[in-house]
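Asks: Following this line is data-v4.cif, made up of mmCIF, N, CA and C atoms:
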```cif
data_coords
#
loop_
_atom_site.label_atom_id
_atom_site.label_comp_id
_atom_site.auth_asym_id
_atom_site.auth_seq_id
_atom_site.Cartn_x
_atom_site.Cartn_y
_atom_site.Cartn_z
N MET A 1 -10.26 15.79 1.13
CA MET A 1 -9.48 14.87 1.93
C MET A 1 -8.29 15.63 2.53
N THR A 2 -7.99 15.30 3.77
CA THR A 2 -6.92 16.01 4.47
C THR A 2 -5.66 15.13 4.59
N ILE A 3 -4.60 15.76 5.04
CA ILE A 3 -3.36 15.05 5.30
C ILE A 3 -3.59 13.96 6.34
N ALA A 4 -4.48 14.20 7.30
CA ALA A 4 -4.79 13.19 8.32
C ALA A 4 -5.29 11.90 7.68
N THR A 5 -6.09 12.02 6.65
CA THR A 5 -6.62 10.84 5.96
C THR A 5 -5.49 10.07 5.28
N ILE A 6 -4.58 10.79 4.66
CA ILE A 6 -3.44 10.14 3.99
C ILE A 6 -2.58 9.43 5.02
N LEU A 7 -2.32 10.08 6.15
CA LEU A 7 -1.53 9.43 7.20
C LEU A 7 -2.26 8.21 7.75
N GLY A 8 -3.58 8.28 7.79
CA GLY A 8 -4.35 7.14 8.26
C GLY A 8 -4.17 5.92 7.38
N GLY A 9 -3.97 6.16 6.09
CA GLY A 9 -3.77 5.07 5.15
C GLY A 9 -2.35 4.56 5.10
N LYS A 10 -1.38 5.44 5.28
CA LYS A 10 0.02 5.03 5.15
C LYS A 10 0.72 4.79 6.47
N GLY A 11 0.15 5.32 7.54
CA GLY A 11 0.77 5.17 8.86
C GLY A 11 1.50 6.43 9.29
N ARG A 12 1.80 6.48 10.57
CA ARG A 12 2.43 7.67 11.14
C ARG A 12 3.85 7.41 11.63
N ASP A 13 4.44 6.31 11.20
CA ASP A 13 5.80 6.03 11.61
C ASP A 13 6.73 7.13 11.12
N ILE A 14 7.60 7.57 12.02
CA ILE A 14 8.54 8.63 11.67
C ILE A 14 9.95 8.15 11.94
N VAL A 15 10.76 8.18 10.91
CA VAL A 15 12.19 7.93 11.05
C VAL A 15 12.83 9.30 11.06
N SER A 16 13.60 9.62 12.09
CA SER A 16 14.21 10.95 12.18
C SER A 16 15.64 10.83 12.68
N VAL A 17 16.35 11.93 12.57
CA VAL A 17 17.72 12.04 13.09
C VAL A 17 17.82 13.35 13.84
N THR A 18 18.96 13.54 14.51
CA THR A 18 19.24 14.81 15.19
C THR A 18 20.32 15.54 14.40
N PRO A 19 20.51 16.81 14.67
CA PRO A 19 21.57 17.55 13.96
C PRO A 19 22.96 16.99 14.21
N GLU A 20 23.13 16.21 15.29
CA GLU A 20 24.44 15.66 15.64
C GLU A 20 24.75 14.35 14.92
N HIS A 21 23.80 13.78 14.20
CA HIS A 21 24.08 12.57 13.43
C HIS A 21 25.05 12.91 12.30
N SER A 22 25.89 11.96 11.94
CA SER A 22 26.79 12.18 10.82
C SER A 22 26.03 11.99 9.51
N VAL A 23 26.50 12.65 8.48
CA VAL A 23 25.91 12.48 7.16
C VAL A 23 26.06 11.02 6.74
N ARG A 24 27.22 10.43 6.99
CA ARG A 24 27.46 9.03 6.62
C ARG A 24 26.40 8.10 7.23
N ASP A 25 26.16 8.23 8.53
CA ASP A 25 25.18 7.37 9.20
C ASP A 25 23.77 7.63 8.69
N THR A 26 23.47 8.87 8.39
CA THR A 26 22.14 9.21 7.91
C THR A 26 21.92 8.71 6.49
N VAL A 27 22.94 8.77 5.66
CA VAL A 27 22.84 8.20 4.31
C VAL A 27 22.59 6.70 4.41
N SER A 28 23.28 6.05 5.32
CA SER A 28 23.07 4.61 5.53
C SER A 28 21.64 4.33 5.97
N LEU A 29 21.10 5.17 6.86
CA LEU A 29 19.72 5.02 7.32
C LEU A 29 18.73 5.18 6.16
N LEU A 30 18.95 6.19 5.33
CA LEU A 30 18.08 6.40 4.16
C LEU A 30 18.08 5.16 3.27
N ALA A 31 19.27 4.60 3.05
CA ALA A 31 19.39 3.42 2.19
C ALA A 31 18.71 2.21 2.83
N GLN A 32 18.94 1.98 4.11
CA GLN A 32 18.35 0.83 4.80
C GLN A 32 16.84 0.90 4.80
N LYS A 33 16.29 2.08 5.03
CA LYS A 33 14.83 2.24 5.11
C LYS A 33 14.19 2.47 3.74
N ARG A 34 15.05 2.66 2.72
CA ARG A 34 14.57 2.93 1.35
C ARG A 34 13.65 4.15 1.32
N ILE A 35 14.14 5.23 1.94
CA ILE A 35 13.40 6.48 1.99
C ILE A 35 14.28 7.60 1.43
N GLY A 36 13.66 8.72 1.09
CA GLY A 36 14.40 9.81 0.47
C GLY A 36 14.74 10.96 1.40
N ALA A 37 14.15 10.99 2.58
CA ALA A 37 14.39 12.11 3.48
C ALA A 37 13.99 11.76 4.90
N VAL A 38 14.55 12.50 5.85
CA VAL A 38 14.18 12.36 7.26
C VAL A 38 14.08 13.74 7.88
N PRO A 39 13.10 13.93 8.78
CA PRO A 39 13.10 15.19 9.52
C PRO A 39 14.27 15.19 10.51
N VAL A 40 14.82 16.36 10.73
CA VAL A 40 15.89 16.53 11.70
C VAL A 40 15.25 17.15 12.94
N MET A 41 15.32 16.40 14.05
CA MET A 41 14.62 16.79 15.27
C MET A 41 15.62 17.22 16.34
N ASP A 42 15.23 18.24 17.09
CA ASP A 42 16.03 18.71 18.21
C ASP A 42 15.08 19.07 19.34
N GLY A 43 15.12 18.32 20.42
CA GLY A 43 14.24 18.60 21.55
C GLY A 43 12.77 18.49 21.21
N GLY A 44 12.40 17.56 20.34
CA GLY A 44 11.00 17.36 20.02
C GLY A 44 10.44 18.26 18.93
N ARG A 45 11.27 19.13 18.38
CA ARG A 45 10.76 19.99 17.30
C ARG A 45 11.60 19.81 16.04
N VAL A 46 10.98 20.05 14.90
CA VAL A 46 11.66 19.91 13.61
C VAL A 46 12.51 21.14 13.38
N VAL A 47 13.81 20.92 13.19
CA VAL A 47 14.72 22.04 12.92
C VAL A 47 15.19 22.04 11.48
N GLY A 48 14.89 20.97 10.76
CA GLY A 48 15.29 20.89 9.35
C GLY A 48 14.84 19.58 8.76
N ILE A 49 15.22 19.40 7.52
CA ILE A 49 14.96 18.13 6.84
C ILE A 49 16.23 17.77 6.09
N PHE A 50 16.57 16.50 6.08
CA PHE A 50 17.77 16.03 5.39
C PHE A 50 17.31 15.06 4.31
N SER A 51 17.66 15.38 3.06
CA SER A 51 17.20 14.58 1.93
C SER A 51 18.36 14.19 1.02
N GLU A 52 18.03 13.37 0.05
CA GLU A 52 19.02 12.97 -0.95
C GLU A 52 19.64 14.19 -1.61
N ARG A 53 18.86 15.22 -1.82
CA ARG A 53 19.38 16.44 -2.44
C ARG A 53 20.45 17.09 -1.57
N ASP A 54 20.26 17.04 -0.25
CA ASP A 54 21.26 17.62 0.65
C ASP A 54 22.58 16.85 0.54
N VAL A 55 22.50 15.55 0.37
CA VAL A 55 23.71 14.74 0.20
C VAL A 55 24.45 15.18 -1.06
N ILE A 56 23.72 15.33 -2.15
CA ILE A 56 24.33 15.73 -3.42
C ILE A 56 25.00 17.10 -3.30
N HIS A 57 24.29 18.05 -2.70
CA HIS A 57 24.85 19.40 -2.54
C HIS A 57 26.10 19.38 -1.66
N ALA A 58 26.06 18.60 -0.58
CA ALA A 58 27.21 18.52 0.34
C ALA A 58 28.40 17.88 -0.35
N LEU A 59 28.17 16.81 -1.12
CA LEU A 59 29.27 16.16 -1.83
C LEU A 59 29.88 17.09 -2.88
N GLU A 60 29.03 17.84 -3.55
CA GLU A 60 29.55 18.77 -4.56
C GLU A 60 30.39 19.86 -3.91
N ALA A 61 29.95 20.35 -2.76
CA ALA A 61 30.65 21.44 -2.09
C ALA A 61 31.90 21.00 -1.34
N HIS A 62 31.87 19.80 -0.75
CA HIS A 62 32.95 19.40 0.15
C HIS A 62 33.64 18.09 -0.23
N GLY A 63 33.20 17.46 -1.28
CA GLY A 63 33.80 16.19 -1.67
C GLY A 63 33.48 15.10 -0.66
N PRO A 64 34.26 14.03 -0.67
CA PRO A 64 34.00 12.90 0.24
C PRO A 64 34.00 13.27 1.72
N ALA A 65 34.66 14.36 2.09
CA ALA A 65 34.69 14.78 3.50
C ALA A 65 33.29 15.15 4.00
N ALA A 66 32.37 15.41 3.08
CA ALA A 66 30.99 15.75 3.47
C ALA A 66 30.35 14.61 4.26
N LEU A 67 30.77 13.39 4.00
CA LEU A 67 30.18 12.25 4.71
C LEU A 67 30.50 12.26 6.19
N ASP A 68 31.57 12.93 6.57
CA ASP A 68 31.95 13.02 7.98
C ASP A 68 31.35 14.25 8.68
N ALA A 69 30.66 15.08 7.92
CA ALA A 69 30.03 16.28 8.49
C ALA A 69 28.81 15.88 9.32
N LEU A 70 28.34 16.82 10.11
CA LEU A 70 27.11 16.60 10.87
C LEU A 70 25.92 17.02 10.02
N VAL A 71 24.82 16.31 10.20
CA VAL A 71 23.60 16.60 9.45
C VAL A 71 23.19 18.06 9.64
N GLY A 72 23.34 18.57 10.86
CA GLY A 72 22.96 19.95 11.14
C GLY A 72 23.67 20.97 10.28
N ALA A 73 24.84 20.61 9.76
CA ALA A 73 25.61 21.55 8.93
C ALA A 73 25.17 21.55 7.47
N VAL A 74 24.47 20.51 7.04
CA VAL A 74 24.14 20.41 5.62
C VAL A 74 22.64 20.24 5.34
N MET A 75 21.83 20.14 6.38
CA MET A 75 20.38 19.95 6.21
C MET A 75 19.73 21.19 5.61
N THR A 76 18.54 21.03 5.11
CA THR A 76 17.74 22.15 4.66
C THR A 76 16.97 22.68 5.87
N SER A 77 17.16 23.96 6.14
CA SER A 77 16.54 24.54 7.32
C SER A 77 16.13 25.98 7.02
N PRO A 78 15.01 26.42 7.53
CA PRO A 78 14.04 25.69 8.35
C PRO A 78 13.23 24.73 7.48
N ALA A 79 12.70 23.71 8.11
CA ALA A 79 11.86 22.75 7.40
C ALA A 79 10.51 23.38 7.10
N ILE A 80 10.02 23.11 5.91
CA ILE A 80 8.66 23.51 5.57
C ILE A 80 7.77 22.37 6.04
N THR A 81 6.75 22.70 6.81
CA THR A 81 5.87 21.68 7.36
C THR A 81 4.43 21.92 6.90
N VAL A 82 3.59 20.94 7.16
CA VAL A 82 2.18 21.05 6.83
C VAL A 82 1.38 20.59 8.04
N ASP A 83 0.27 21.26 8.30
CA ASP A 83 -0.60 20.89 9.40
C ASP A 83 -1.42 19.67 9.02
N ILE A 84 -1.70 18.83 9.99
CA ILE A 84 -2.43 17.59 9.75
C ILE A 84 -3.82 17.83 9.17
N GLY A 85 -4.41 18.98 9.42
CA GLY A 85 -5.74 19.29 8.91
C GLY A 85 -5.75 19.91 7.52
N GLU A 86 -4.59 20.14 6.95
CA GLU A 86 -4.48 20.75 5.61
C GLU A 86 -5.09 19.82 4.56
N PRO A 87 -5.84 20.38 3.62
CA PRO A 87 -6.32 19.56 2.51
C PRO A 87 -5.13 19.01 1.71
N ALA A 88 -5.27 17.78 1.22
CA ALA A 88 -4.18 17.15 0.47
C ALA A 88 -3.79 17.97 -0.75
N ILE A 89 -4.76 18.56 -1.41
CA ILE A 89 -4.46 19.35 -2.61
C ILE A 89 -3.64 20.59 -2.24
N GLY A 90 -3.87 21.15 -1.06
CA GLY A 90 -3.08 22.29 -0.60
C GLY A 90 -1.64 21.90 -0.36
N ALA A 91 -1.43 20.73 0.22
CA ALA A 91 -0.06 20.25 0.46
C ALA A 91 0.64 19.97 -0.86
N LEU A 92 -0.08 19.39 -1.81
CA LEU A 92 0.49 19.12 -3.12
C LEU A 92 0.88 20.42 -3.82
N SER A 93 0.04 21.41 -3.70
CA SER A 93 0.34 22.72 -4.27
C SER A 93 1.57 23.34 -3.62
N LEU A 94 1.68 23.24 -2.30
CA LEU A 94 2.84 23.76 -1.58
C LEU A 94 4.12 23.08 -2.05
N MET A 95 4.07 21.76 -2.20
CA MET A 95 5.26 21.03 -2.64
C MET A 95 5.66 21.43 -4.06
N THR A 96 4.69 21.64 -4.90
CA THR A 96 4.97 22.05 -6.28
C THR A 96 5.58 23.45 -6.31
N ARG A 97 4.98 24.38 -5.56
CA ARG A 97 5.50 25.75 -5.53
C ARG A 97 6.91 25.83 -4.98
N ARG A 98 7.16 25.11 -3.90
CA ARG A 98 8.46 25.18 -3.22
C ARG A 98 9.48 24.20 -3.78
N ARG A 99 9.05 23.34 -4.72
CA ARG A 99 9.93 22.35 -5.34
C ARG A 99 10.57 21.43 -4.31
N ILE A 100 9.71 20.88 -3.44
CA ILE A 100 10.16 19.94 -2.41
C ILE A 100 9.39 18.64 -2.55
N ARG A 101 9.93 17.57 -1.99
CA ARG A 101 9.31 16.26 -2.16
C ARG A 101 8.86 15.63 -0.86
N HIS A 102 9.17 16.25 0.28
CA HIS A 102 8.80 15.68 1.58
C HIS A 102 8.33 16.78 2.52
N LEU A 103 7.27 16.49 3.27
CA LEU A 103 6.74 17.46 4.23
C LEU A 103 6.51 16.79 5.58
N PRO A 104 7.19 17.26 6.61
CA PRO A 104 6.83 16.80 7.96
C PRO A 104 5.42 17.31 8.28
N VAL A 105 4.62 16.45 8.89
CA VAL A 105 3.25 16.79 9.25
C VAL A 105 3.21 17.11 10.75
N VAL A 106 2.64 18.27 11.08
CA VAL A 106 2.59 18.68 12.48
C VAL A 106 1.15 18.83 12.95
N GLN A 107 0.98 18.56 14.24
CA GLN A 107 -0.31 18.76 14.89
C GLN A 107 -0.01 19.40 16.24
N ASP A 108 -0.52 20.60 16.44
CA ASP A 108 -0.26 21.36 17.67
C ASP A 108 1.24 21.49 17.94
N GLY A 109 2.02 21.70 16.87
CA GLY A 109 3.46 21.91 17.01
C GLY A 109 4.29 20.65 17.15
N VAL A 110 3.65 19.48 17.14
CA VAL A 110 4.35 18.20 17.30
C VAL A 110 4.33 17.45 15.97
N VAL A 111 5.47 16.88 15.58
CA VAL A 111 5.53 16.10 14.34
C VAL A 111 4.80 14.79 14.55
N VAL A 112 3.84 14.52 13.64
CA VAL A 112 3.04 13.30 13.75
C VAL A 112 3.17 12.40 12.53
N GLY A 113 3.95 12.81 11.54
CA GLY A 113 4.12 12.00 10.35
C GLY A 113 4.93 12.73 9.31
N LEU A 114 5.05 12.10 8.16
CA LEU A 114 5.78 12.66 7.02
C LEU A 114 5.07 12.22 5.76
N VAL A 115 4.80 13.14 4.86
CA VAL A 115 4.20 12.77 3.57
C VAL A 115 5.17 13.15 2.46
N SER A 116 5.13 12.34 1.42
CA SER A 116 5.97 12.59 0.26
C SER A 116 5.10 12.98 -0.92
N ILE A 117 5.74 13.50 -1.95
CA ILE A 117 5.01 13.85 -3.16
C ILE A 117 4.36 12.59 -3.73
N GLY A 118 5.02 11.44 -3.57
CA GLY A 118 4.46 10.17 -4.04
C GLY A 118 3.16 9.82 -3.32
N ASP A 119 3.12 10.07 -2.01
CA ASP A 119 1.89 9.81 -1.25
C ASP A 119 0.74 10.65 -1.79
N LEU A 120 1.03 11.92 -2.07
CA LEU A 120 -0.03 12.83 -2.52
C LEU A 120 -0.45 12.54 -3.95
N VAL A 121 0.49 12.18 -4.81
CA VAL A 121 0.15 11.83 -6.19
C VAL A 121 -0.69 10.55 -6.20
N LYS A 122 -0.32 9.57 -5.37
CA LYS A 122 -1.10 8.34 -5.27
C LYS A 122 -2.54 8.66 -4.86
N TYR A 123 -2.69 9.54 -3.88
CA TYR A 123 -4.02 9.96 -3.44
C TYR A 123 -4.81 10.54 -4.62
N ARG A 124 -4.19 11.43 -5.38
CA ARG A 124 -4.88 12.06 -6.51
C ARG A 124 -5.28 11.03 -7.56
N ILE A 125 -4.37 10.12 -7.87
CA ILE A 125 -4.68 9.09 -8.87
C ILE A 125 -5.82 8.21 -8.38
N ASP A 126 -5.78 7.79 -7.12
CA ASP A 126 -6.86 6.97 -6.56
C ASP A 126 -8.19 7.70 -6.64
N ARG A 127 -8.19 9.00 -6.34
CA ARG A 127 -9.43 9.78 -6.42
C ARG A 127 -9.95 9.86 -7.85
N ILE A 128 -9.07 10.09 -8.80
CA ILE A 128 -9.47 10.19 -10.21
C ILE A 128 -10.05 8.85 -10.68
N GLU A 129 -9.39 7.75 -10.31
CA GLU A 129 -9.88 6.43 -10.70
C GLU A 129 -11.23 6.12 -10.06
N ALA A 130 -11.40 6.50 -8.80
CA ALA A 130 -12.69 6.27 -8.12
C ALA A 130 -13.79 7.10 -8.77
N ASP A 131 -13.49 8.35 -9.12
CA ASP A 131 -14.49 9.20 -9.79
C ASP A 131 -14.86 8.63 -11.15
N ALA A 132 -13.86 8.14 -11.89
CA ALA A 132 -14.12 7.57 -13.22
C ALA A 132 -14.99 6.32 -13.10
N GLU A 133 -14.71 5.49 -12.11
CA GLU A 133 -15.50 4.27 -11.90
C GLU A 133 -16.94 4.63 -11.51
N ALA A 134 -17.10 5.62 -10.66
CA ALA A 134 -18.44 6.06 -10.28
C ALA A 134 -19.20 6.57 -11.49
N MET A 135 -18.53 7.29 -12.37
CA MET A 135 -19.16 7.81 -13.58
C MET A 135 -19.56 6.67 -14.52
N ARG A 136 -18.67 5.66 -14.67
CA ARG A 136 -19.00 4.52 -15.50
C ARG A 136 -20.23 3.77 -14.96
N SER A 137 -20.27 3.58 -13.65
CA SER A 137 -21.41 2.89 -13.03
C SER A 137 -22.68 3.67 -13.23
N TYR A 138 -22.61 4.97 -13.08
CA TYR A 138 -23.79 5.82 -13.26
C TYR A 138 -24.31 5.73 -14.70
N ILE A 139 -23.39 5.78 -15.65
CA ILE A 139 -23.80 5.75 -17.06
C ILE A 139 -24.41 4.38 -17.39
N GLN A 140 -23.82 3.30 -16.87
CA GLN A 140 -24.35 1.96 -17.15
C GLN A 140 -25.73 1.74 -16.55
N GLN A 141 -26.01 2.39 -15.43
CA GLN A 141 -27.31 2.22 -14.77
C GLN A 141 -28.38 3.09 -15.40
N ALA A 142 -27.98 4.10 -16.17
CA ALA A 142 -28.96 5.03 -16.73
C ALA A 142 -29.69 4.45 -17.92
#
```
Please express the file's structure as structure tokens.
Replies:
Amino acid sequence: MTIATILGGKGRDIVSVTPEHSVRDTVSLLAQKRIGAVPVMDGGRVVGIFSERDVIHALEAHGPAALDALVGAVMTSPAITVDIGEPAIGALSLMTRRRIRHLPVVQDGVVVGLVSIGDLVKYRIDRIEADAEAMRSYIQQA
């Protein structure tokens, strides 16, 4: 199964910000949308990702003044991305190796979605449950 399949199930809606957005406004956006990260876009391309972890690091380094900073100053850059044709297990492996929880999905250099570690773990659990059910059915029919 590929990332395209996962996006097909969850949708391709993308909430993003630009490097010129304030940290304060972006934190508010994360809270309103109940999401953990947003890609940071500049001229149609991903230049970084801004996540809850970036907020924590900025607050630790700059105190409350970090909320008035621009996202471009505190985002994680460059963003690690995944191609839409990548197998889901490959993306999960990448996230585990790099210790990240969100991946912008690109197709021909254009961002077409975002997957989280939760999306990929859900996929794995669903696959394991489907395989177990198929095995139970096979054994019962034998």
Asks: I want to know what sits within 6 Å of Thr2 in chain A, based on only C-alpha atoms, with residues of the same chain fewer than 5 positions away left out; could you give that as a ChimeraX atom specification?
Replies: /A:85-88
Asks: So that I can see what lies close to range 52-65 of chain A, please list as a count of residues only the residues with an atom at most 12 Å from it, counting only C-alpha atoms and leaving out residues fewer than 3 positions away in the same chain.
Replies: 31
Asks: Leaving out Val115 in chain A and any residue of its chain fewer than 5 positions from it, which residues lie within 8 Å of it when counting all atoms listed in the file, given as a short mmCIF file (atom, residue, chain, number, x, y, z; two decimals) with N, CA and C atoms, keeping the file's coordinate frame?
Replies:
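See result26.cif below for the written result:
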```cif
data_model
loop_
_atom_site.label_atom_id
_atom_site.label_comp_id
_atom_site.auth_asym_id
_atom_site.auth_seq_id
_atom_site.Cartn_x
_atom_site.Cartn_y
_atom_site.Cartn_z
N ILE A 6 -4.58 10.79 4.66
CA ILE A 6 -3.44 10.14 3.99
C ILE A 6 -2.58 9.43 5.02
N LEU A 7 -2.32 10.08 6.15
CA LEU A 7 -1.53 9.43 7.20
C LEU A 7 -2.26 8.21 7.75
N ARG A 101 9.93 17.57 -1.99
CA ARG A 101 9.31 16.26 -2.16
C ARG A 101 8.86 15.63 -0.86
N HIS A 102 9.17 16.25 0.28
CA HIS A 102 8.80 15.68 1.58
C HIS A 102 8.33 16.78 2.52
N LEU A 103 7.27 16.49 3.27
CA LEU A 103 6.74 17.46 4.23
C LEU A 103 6.51 16.79 5.58
N PRO A 104 7.19 17.26 6.61
CA PRO A 104 6.83 16.80 7.96
C PRO A 104 5.42 17.31 8.28
N VAL A 105 4.62 16.45 8.89
CA VAL A 105 3.25 16.79 9.25
C VAL A 105 3.21 17.11 10.75
N LEU A 120 1.03 11.92 -2.07
CA LEU A 120 -0.03 12.83 -2.52
C LEU A 120 -0.45 12.54 -3.95
#
```
Asks: Which of chain A end up as alpha helix (DSSP H) when DSSP is run on this backbone - answer as a PyMOL selection string?
Replies: chain A and resi 3-10+23-33+52-62+71-74+88-98+117-141
Asks: Calculate how many Å separate atom N of Leu114 in chain A from atom N of Arg98 in chain A, rounding to one decimal.
Replies: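 Atom N of Arg98 in chain A lies at a distance of 17.9 Å from atom N of Leu114 in chain A.
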Asks: Output the residue selection produced by the PyMOL selection byres ((chain A and resi 106) around 7) on the file above, formatted as a PDB file with N, CA and C atoms, keeping the file's coordinate frame.
Replies:
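Dumped to result-v8.pdb:
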```pdb
ATOM      1  N   THR A  81       6.750  22.700   6.810  1.00  0.00           N
ATOM      2  CA  THR A  81       5.870  21.680   7.360  1.00  0.00           C
ATOM      3  C   THR A  81       4.430  21.920   6.900  1.00  0.00           C
ATOM      4  N   VAL A  82       3.590  20.940   7.160  1.00  0.00           N
ATOM      5  CA  VAL A  82       2.180  21.050   6.830  1.00  0.00           C
ATOM      6  C   VAL A  82       1.380  20.590   8.040  1.00  0.00           C
ATOM      7  N   ASP A  83       0.270  21.260   8.300  1.00  0.00           N
ATOM      8  CA  ASP A  83      -0.600  20.890   9.400  1.00  0.00           C
ATOM      9  C   ASP A  83      -1.420  19.670   9.020  1.00  0.00           C
ATOM     10  N   ILE A  84      -1.700  18.830   9.990  1.00  0.00           N
ATOM     11  CA  ILE A  84      -2.430  17.590   9.750  1.00  0.00           C
ATOM     12  C   ILE A  84      -3.820  17.830   9.170  1.00  0.00           C
ATOM     13  N   GLY A  85      -4.410  18.980   9.420  1.00  0.00           N
ATOM     14  CA  GLY A  85      -5.740  19.290   8.910  1.00  0.00           C
ATOM     15  C   GLY A  85      -5.750  19.910   7.520  1.00  0.00           C
ATOM     16  N   LEU A 103       7.270  16.490   3.270  1.00  0.00           N
ATOM     17  CA  LEU A 103       6.740  17.460   4.230  1.00  0.00           C
ATOM     18  C   LEU A 103       6.510  16.790   5.580  1.00  0.00           C
ATOM     19  N   PRO A 104       7.190  17.260   6.610  1.00  0.00           N
ATOM     20  CA  PRO A 104       6.830  16.800   7.960  1.00  0.00           C
ATOM     21  C   PRO A 104       5.420  17.310   8.280  1.00  0.00           C
ATOM     22  N   VAL A 105       4.620  16.450   8.890  1.00  0.00           N
ATOM     23  CA  VAL A 105       3.250  16.790   9.250  1.00  0.00           C
ATOM     24  C   VAL A 105       3.210  17.110  10.750  1.00  0.00           C
ATOM     25  N   GLN A 107       0.980  18.560  14.240  1.00  0.00           N
ATOM     26  CA  GLN A 107      -0.310  18.760  14.890  1.00  0.00           C
ATOM     27  C   GLN A 107      -0.010  19.400  16.240  1.00  0.00           C
ATOM     28  N   ASP A 108      -0.520  20.600  16.440  1.00  0.00           N
ATOM     29  CA  ASP A 108      -0.260  21.360  17.670  1.00  0.00           C
ATOM     30  C   ASP A 108       1.240  21.490  17.940  1.00  0.00           C
ATOM     31  N   GLY A 109       2.020  21.700  16.870  1.00  0.00           N
ATOM     32  CA  GLY A 109       3.460  21.910  17.010  1.00  0.00           C
ATOM     33  C   GLY A 109       4.290  20.650  17.150  1.00  0.00           C
ATOM     34  N   VAL A 110       3.650  19.480  17.140  1.00  0.00           N
ATOM     35  CA  VAL A 110       4.350  18.200  17.300  1.00  0.00           C
ATOM     36  C   VAL A 110       4.330  17.450  15.970  1.00  0.00           C
ATOM     37  N   VAL A 111       5.470  16.880  15.580  1.00  0.00           N
ATOM     38  CA  VAL A 111       5.530  16.100  14.340  1.00  0.00           C
ATOM     39  C   VAL A 111       4.800  14.790  14.550  1.00  0.00           C
ATOM     40  N   VAL A 112       3.840  14.520  13.640  1.00  0.00           N
ATOM     41  CA  VAL A 112       3.040  13.300  13.750  1.00  0.00           C
ATOM     42  C   VAL A 112       3.170  12.400  12.530  1.00  0.00           C
ATOM     43  N   GLY A 113       3.950  12.810  11.540  1.00  0.00           N
ATOM     44  CA  GLY A 113       4.120  12.000  10.350  1.00  0.00           C
ATOM     45  C   GLY A 113       4.930  12.730   9.310  1.00  0.00           C
TER      46      GLY A 113
END
```
Asks: What's the separation between CA of Ile89 in chain A and CA of Asp126 in chain A, in Å to one decimal place?
Replies: 13.2 Å
Asks: For the structure I just gave you, how does DSSP split range 58-106 of chain A - specifically, which residues are strand (DSSP E)? Reply as a VMD selection string.
Replies: chain A and resid 82 to 83 102 to 106
Asks: To one decimal place, how far is CA of Thr5 in chain A from atom C of Ala130 in chain A in Å?
Replies: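 Distance reported for this atom pair: 16.8 Å.
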Asks: Counting all atoms listed in the file, which residue out of A:Ile14, A:Ala79, A:Gly44, A:Ser116 sits closest to Leu92 in chain A?
Replies: A:Ser116
Asks: When distances are computed from all atoms listed in the file, which of A:Ser51, A:Asp42, A:Lys33, A:Met1 shows the smallest separation from Val17 in chain A?
Replies: A:Asp42
Asks: Just save range 72-81 of chain A with N, CA, C and O atoms, as a PDB file, in the first residue's frame.
Replies:
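Dumped to part36.pdb:
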```pdb
ATOM      1  N   GLY A  72       9.003  31.432  10.084  1.00  0.00           N
ATOM      2  CA  GLY A  72      10.221  31.163   9.332  1.00  0.00           C
ATOM      3  C   GLY A  72      11.475  31.151  10.183  1.00  0.00           C
ATOM      4  O   GLY A  72      12.466  30.512   9.833  1.00  0.00           O
ATOM      5  N   ALA A  73      11.433  31.828  11.324  1.00  0.00           N
ATOM      6  CA  ALA A  73      12.609  31.894  12.203  1.00  0.00           C
ATOM      7  C   ALA A  73      12.721  30.683  13.128  1.00  0.00           C
ATOM      8  O   ALA A  73      13.807  30.420  13.652  1.00  0.00           O
ATOM      9  N   VAL A  74      11.631  29.963  13.332  1.00  0.00           N
ATOM     10  CA  VAL A  74      11.661  28.872  14.311  1.00  0.00           C
ATOM     11  C   VAL A  74      11.233  27.514  13.740  1.00  0.00           C
ATOM     12  O   VAL A  74      11.278  26.514  14.444  1.00  0.00           O
ATOM     13  N   MET A  75      10.830  27.473  12.484  1.00  0.00           N
ATOM     14  CA  MET A  75      10.374  26.215  11.869  1.00  0.00           C
ATOM     15  C   MET A  75      11.532  25.237  11.706  1.00  0.00           C
ATOM     16  O   MET A  75      12.700  25.616  11.764  1.00  0.00           O
ATOM     17  N   THR A  76      11.198  23.996  11.489  1.00  0.00           N
ATOM     18  CA  THR A  76      12.191  22.989  11.157  1.00  0.00           C
ATOM     19  C   THR A  76      12.382  23.023   9.642  1.00  0.00           C
ATOM     20  O   THR A  76      11.411  22.901   8.889  1.00  0.00           O
ATOM     21  N   SER A  77      13.620  23.215   9.237  1.00  0.00           N
ATOM     22  CA  SER A  77      13.900  23.349   7.811  1.00  0.00           C
ATOM     23  C   SER A  77      15.251  22.724   7.500  1.00  0.00           C
ATOM     24  O   SER A  77      16.163  22.827   8.304  1.00  0.00           O
ATOM     25  N   PRO A  78      15.381  22.075   6.374  1.00  0.00           N
ATOM     26  CA  PRO A  78      14.368  21.826   5.351  1.00  0.00           C
ATOM     27  C   PRO A  78      13.396  20.747   5.818  1.00  0.00           C
ATOM     28  O   PRO A  78      13.727  19.914   6.662  1.00  0.00           O
ATOM     29  N   ALA A  79      12.211  20.773   5.254  1.00  0.00           N
ATOM     30  CA  ALA A  79      11.206  19.763   5.584  1.00  0.00           C
ATOM     31  C   ALA A  79      11.587  18.441   4.932  1.00  0.00           C
ATOM     32  O   ALA A  79      12.044  18.413   3.791  1.00  0.00           O
ATOM     33  N   ILE A  80      11.393  17.384   5.678  1.00  0.00           N
ATOM     34  CA  ILE A  80      11.550  16.046   5.110  1.00  0.00           C
ATOM     35  C   ILE A  80      10.202  15.695   4.502  1.00  0.00           C
ATOM     36  O   ILE A  80       9.166  15.823   5.153  1.00  0.00           O
ATOM     37  N   THR A  81      10.206  15.294   3.250  1.00  0.00           N
ATOM     38  CA  THR A  81       8.962  14.987   2.552  1.00  0.00           C
ATOM     39  C   THR A  81       8.968  13.534   2.080  1.00  0.00           C
ATOM     40  O   THR A  81       9.998  12.862   2.114  1.00  0.00           O
TER      41      THR A  81
END
```
